Amino acid sequence: METVLFVDDAPGCQLAISAALRMGGFEVTSIRDGMAALEYLEDRRPDLILLDLGMPEASGIEVLGRVRGEPRWATIPVIVFTASTDAALRARAEELGVQGFFIKSRVSIRELLAVVRKYATGTTSVTLEESGPRIKRFACATDDGLATA
Amino acid sequence: MMIQPQPTCTPRDDREACGQPEYSAGSSIAARWKHWSVRAVIQIALIIVGFGSYELVKETNFSHLTKVQSHIVSTVVVGILSAGIILRGVRVSGQLLDSEMALNLALRESTVKSRQQAELLGSIIGRIPNHVFWKDLNNVYLGCNDQFAVTAGLRDRHEIVGKTDFDLPWTREESESYRHIDQQVMRSGQAVLDMEESQHTAEGVHTCVVTSKVPLRDRDTGVYGVLGIYIDISDRKRIEVLLQSRMAAIDAAADMVVITDGAGKITYVNPAFTKATGYAAEEVIGQTPRVIRSGQHGKDFYEAMWRTILSGSVWQGELVNRRKDGSLYPEEMTITPIRNDSGAVVKFVAIKRDVTVKKEQQALASERGHLRESVAAMEQVLGIVGHELRTPLAGVRAMAELLLMDQITLQDQSHFLKSINQEVVRMSGTINDLLEAARLNSGRAQWNWSVVGMLETWREAADSIAPLVDPTRVSLEVIADPESLEMGGDADAIRRLAVNLLSNAAKHTDGGSIRVHASGVEEGGKTWIRIEVTDTGRGIAPEIVSRLGEAFALNAGVVGSKHVRGAGLGLSICRGIAAAHGGRLSVRSEPGAGTSIIVMLRADLDAPTRQEPEACIVNVMPDSNREQGWTK
């Protein structure tokens, strides 16, 4: 069973996304801040990290930087799942290297699970991909332009 | 001006030739006449006496003398007589000689005197700064003074004699003009006074001169020449032209210029003043600038201005004045005191500019700036709102999706529904706070003014936040001193402020106390309510204190806290409420030791102020001018 490290400090998301990932057949470790996530990575290697960016203690970008800077972790796929529409933040994340970038509330569970599955297992699930719309790898749509200025 | 020279000759040179001979001729005739008549009378008298004596001698008893002897005697007598006659004549003529000499001496004295006078006259003419010349009927120069000679390029003033204007350095036009006026003066017999002329001098300089010309008149022969006197006014003229151009500049200036005497009475205003104020020059000259006072500035303002300018310093400032039509206008003014030679301030020159347009432009520019800031802030707020709402929405959306799936357990269903409810409540709170903050900071909020009791309001607030506080670990206390303390304000708004401050304190305080102390204070002649909310919570780091009151500061990553989530709208709302009550907030916080928030609200207002909320937070860092901070 593939393991996913889910880092998010929002209680609603924690509950819902963890449940969804479990239902999708993943083993989920849910962590509420970046520092704890880095501690977790010290002795375990998840198949994928689903990462929020706006968090207390170490921010998502900090965590991403550390993960990409550490040879042991550098190849772990990271998918960003954030409420932020800040273009600069997104550019920074892409520069560091992410496999997906999703804006919270703009993506369905199905889409999210499909991308997680794709990168966690290296394959895609036919059922999910069929039933969902085509995944935009970088989901920050232009209709959000107002907030990205 | 009217100098009468010797009619036919210069006094010194021709004195011997014309003056003295006339005098000596007259006096020797008189002397001769006296001489002869006296001598004749005396001689006749002596002869008569002599012959009388001879007869007497002849008739007297000299019979004993011989004829010869008698003859000798008579001869001697005649001789004596003759000698007497001769001697007498000699003596008379000697006396006559003496008087003639005295006469000559007197004559010489008078000549010396007249020579001295002539010399004095000559030296006066030579030394006055004016140029002096005289010409005959044919415009031929008869003489001039040294100044004139220098200007004419002559080594000696005597060289002028016999020259005409065409022989001198002046231009042809000038020479012709001079001669024309000479002729006019001589023909009419009327003096021409103070006319301005130009003159090209021997040094090659074009000068400006003021000339007066008078006819030279003799009792017998009438007008025989012209005397001219003039002064070089080129320097004066240059200054005059300079002044004229400066005056023209002042007249044409767009800025108002007002000149007053030392007592402040207006002596001059330029057309710009009339244009700006509506007052014509003659309406304000003689008055003081009080005419245009608006009444918007106190006595102190004008006293300070006068102190400055009377001390001789330049005063600069902005003030509001009143036009003739009663309308007000803002102006920038610079008053420069003018001192006389002895240093006393005798005049004031004020340069003023109506800055209505500038003010409007400034207001527009600042409004534009504010708008731009507002738009930027709004974009930022929208971004943050998006963030604030997106996170719970994402959870809600995911849970709703899961609830729609078949494989969900009953236990999960109930979990999800509970969580959805919590998230929705949170989102609605955020939206309410956001709208409230926007309303309060827009300046268009509606206020419901009444008398608000402090004790009652803060107790209600404390009760409403009580569920957030663990009463076994944190004590919550409200003190109003006096208990009847009250103020004019919006009761709901003040309660809201109280709730926000107390809930902030509650959220950050795990143990110790939360204490509210309200009191009345006098400051700056106004009555204030001072409320201090002190907690023993975690405190706020200095870098965060400086950003308190910014909406969303808490969640924009500024105040990172595991324990508290929120949009940071609470203090932003408090700020708007404090502003409406003419007040302010001060924050003093020490991380780990607690936070004090001091609210100062005007107690004596009967309507909300239009104060900008931005100015309402005074951040006070720990240990920095603690006392000053509270009263600032």
# chains A, B, ... in the order shown; residues from 1 in each chain; ligands from 1
call {"tool": "interface_residues", "arguments": {"of": "chain B", "to": "chain A", "cutoff": "8 Å", "atoms": "only C-alpha atoms", "output": "list in words"}}
result
Glu379, Gln380, Leu382, Gly383, Gly386, His387, Glu388, Arg390, Thr391, Pro392, Leu393, Ala394, Gly395, Val396, Arg397, Ala398, Met399, Glu401, Leu402, Phe416, Ser419, Ile420, Glu423, Gly557, Gly560, Ser561 and Lys562 of chain B
call {"tool": "closest_atom_pairs", "arguments": {"of": "stretch 224-323 of chain B", "to": "stretch 334-340 of chain B", "cutoff": "10 Å", "atoms": "only C-alpha atoms", "output": "Markdown table"}}
result
| residue | atom | partner | partner_atom | distance |
| --- | --- | --- | --- | --- |
| B:Val257 | CA | B:Ile335 | CA | 9.8 |
| B:Val258 | CA | B:Ile335 | CA | 9.1 |
| B:Ile259 | CA | B:Ile335 | CA | 9.3 |
| B:Thr260 | CA | B:Pro337 | CA | 9.6 |
| B:Asp261 | CA | B:Ile338 | CA | 9.3 |
| B:Gly262 | CA | B:Pro337 | CA | 8.6 |
| B:Met305 | CA | B:Ile335 | CA | 9.0 |
| B:Trp306 | CA | B:Ile335 | CA | 9.9 |
| B:Thr308 | CA | B:Pro337 | CA | 9.4 |
| B:Ile309 | CA | B:Pro337 | CA | 5.9 |
| B:Leu310 | CA | B:Pro337 | CA | 7.3 |
| B:Ser311 | CA | B:Pro337 | CA | 8.6 |
| B:Gly312 | CA | B:Pro337 | CA | 5.6 |
| B:Ser313 | CA | B:Pro337 | CA | 6.8 |
| B:Val314 | CA | B:Thr336 | CA | 4.8 |
| B:Trp315 | CA | B:Ile335 | CA | 5.1 |
| B:Gln316 | CA | B:Thr334 | CA | 4.4 |
| B:Gly317 | CA | B:Thr334 | CA | 6.7 |
| B:Glu318 | CA | B:Thr334 | CA | 8.9 |
call {"tool": "select_by_dssp", "arguments": {"residues": "stretch 20-133 of chain A", "states": "alpha helix (DSSP H)", "output": "count of residues only"}}
result
53
call {"tool": "residues_around", "arguments": {"residues": "B:Ala491", "least_positions_apart": "6", "cutoff": "10 Å", "atoms": "only C-alpha atoms", "output": "PyMOL selection string"}}
result
chain B and resi 447-454+457+497
call {"tool": "residues_around", "arguments": {"residues": "B:Pro215", "least_positions_apart": "2", "cutoff": "8 Å", "atoms": "only C-alpha atoms", "output": "number ranges by chain"}}
result
B: 185-186, 189-191, 213, 217, 223-227
call {"tool": "write_last_selection", "arguments": {"atoms": "all heavy atoms", "output": "short mmCIF file (atom, residue, chain, number, x, y, z; two decimals), in the first residue's frame"}}
result
data_model
loop_
_atom_site.label_atom_id
_atom_site.label_comp_id
_atom_site.auth_asym_id
_atom_site.auth_seq_id
_atom_site.Cartn_x
_atom_site.Cartn_y
_atom_site.Cartn_z
N VAL B 185 16.01 129.78 -25.61
CA VAL B 185 16.13 130.50 -24.33
C VAL B 185 16.49 131.96 -24.57
O VAL B 185 15.92 132.88 -23.98
CB VAL B 185 17.18 129.81 -23.43
CG1 VAL B 185 17.52 130.68 -22.22
CG2 VAL B 185 16.68 128.45 -22.98
N MET B 186 17.43 132.19 -25.48
CA MET B 186 17.92 133.56 -25.71
C MET B 186 16.86 134.40 -26.41
O MET B 186 16.66 135.56 -26.09
CB MET B 186 19.23 133.52 -26.50
CG MET B 186 20.38 132.96 -25.65
SD MET B 186 22.00 133.07 -26.43
CE MET B 186 21.91 131.80 -27.63
N GLY B 189 13.95 134.79 -23.84
CA GLY B 189 14.33 135.39 -22.58
C GLY B 189 13.82 134.58 -21.39
O GLY B 189 13.88 135.00 -20.25
N GLN B 190 13.29 133.39 -21.67
CA GLN B 190 12.74 132.55 -20.61
C GLN B 190 13.68 131.38 -20.32
O GLN B 190 14.19 130.75 -21.25
CB GLN B 190 11.39 131.94 -21.06
CG GLN B 190 10.31 132.96 -21.37
CD GLN B 190 9.75 133.56 -20.09
OE1 GLN B 190 9.49 132.86 -19.12
NE2 GLN B 190 9.58 134.89 -20.09
N ALA B 191 13.85 131.11 -19.05
CA ALA B 191 14.70 129.98 -18.66
C ALA B 191 13.97 128.67 -18.98
O ALA B 191 12.75 128.61 -18.98
CB ALA B 191 14.99 130.04 -17.17
N LYS B 213 18.70 125.97 -18.40
CA LYS B 213 19.37 127.04 -19.14
C LYS B 213 18.67 128.36 -18.84
O LYS B 213 17.43 128.42 -18.86
CB LYS B 213 19.35 126.74 -20.63
CG LYS B 213 20.32 125.63 -21.01
CD LYS B 213 20.30 125.31 -22.47
CE LYS B 213 21.36 124.26 -22.79
NZ LYS B 213 21.30 123.80 -24.18
N ARG B 217 21.56 138.34 -19.15
CA ARG B 217 20.94 139.61 -19.53
C ARG B 217 21.77 140.75 -18.99
O ARG B 217 22.31 140.69 -17.88
CB ARG B 217 19.54 139.63 -18.91
CG ARG B 217 18.52 140.48 -19.63
CD ARG B 217 17.28 140.56 -18.76
NE ARG B 217 16.62 139.26 -18.60
CZ ARG B 217 15.73 138.80 -19.47
NH1 ARG B 217 15.38 139.50 -20.53
NH2 ARG B 217 15.17 137.64 -19.26
N VAL B 223 19.62 140.57 -23.64
CA VAL B 223 20.18 139.21 -23.61
C VAL B 223 21.45 139.15 -24.44
O VAL B 223 21.46 139.56 -25.60
CB VAL B 223 19.14 138.18 -24.13
CG1 VAL B 223 19.78 136.80 -24.22
CG2 VAL B 223 17.92 138.14 -23.21
N TYR B 224 22.52 138.67 -23.83
CA TYR B 224 23.77 138.59 -24.59
C TYR B 224 24.35 137.19 -24.58
O TYR B 224 25.44 136.95 -25.07
CB TYR B 224 24.79 139.61 -24.07
CG TYR B 224 25.23 139.35 -22.65
CD1 TYR B 224 26.29 138.51 -22.37
CD2 TYR B 224 24.55 139.96 -21.59
CE1 TYR B 224 26.68 138.26 -21.08
CE2 TYR B 224 24.94 139.71 -20.30
CZ TYR B 224 26.00 138.87 -20.03
OH TYR B 224 26.37 138.63 -18.74
N GLY B 225 23.63 136.24 -23.96
CA GLY B 225 24.15 134.88 -23.97
C GLY B 225 23.23 133.94 -23.18
O GLY B 225 22.12 134.32 -22.80
N VAL B 226 23.75 132.73 -22.95
CA VAL B 226 22.97 131.73 -22.22
C VAL B 226 23.90 131.02 -21.23
O VAL B 226 25.06 130.76 -21.54
CB VAL B 226 22.30 130.73 -23.18
CG1 VAL B 226 23.31 129.95 -23.98
CG2 VAL B 226 21.38 129.75 -22.43
N LEU B 227 23.35 130.80 -20.03
CA LEU B 227 24.11 130.08 -19.01
C LEU B 227 23.42 128.72 -18.82
O LEU B 227 22.20 128.66 -18.65
CB LEU B 227 24.09 130.83 -17.68
CG LEU B 227 24.66 130.03 -16.50
CD1 LEU B 227 26.17 130.14 -16.45
CD2 LEU B 227 24.05 130.50 -15.19
#
call {"tool": "closest_residue", "arguments": {"among": "A:Ile31, A:Leu112, A:Val4, A:Leu89", "to": "A:Ile61", "atoms": "only C-alpha atoms"}}
result
A:Leu89
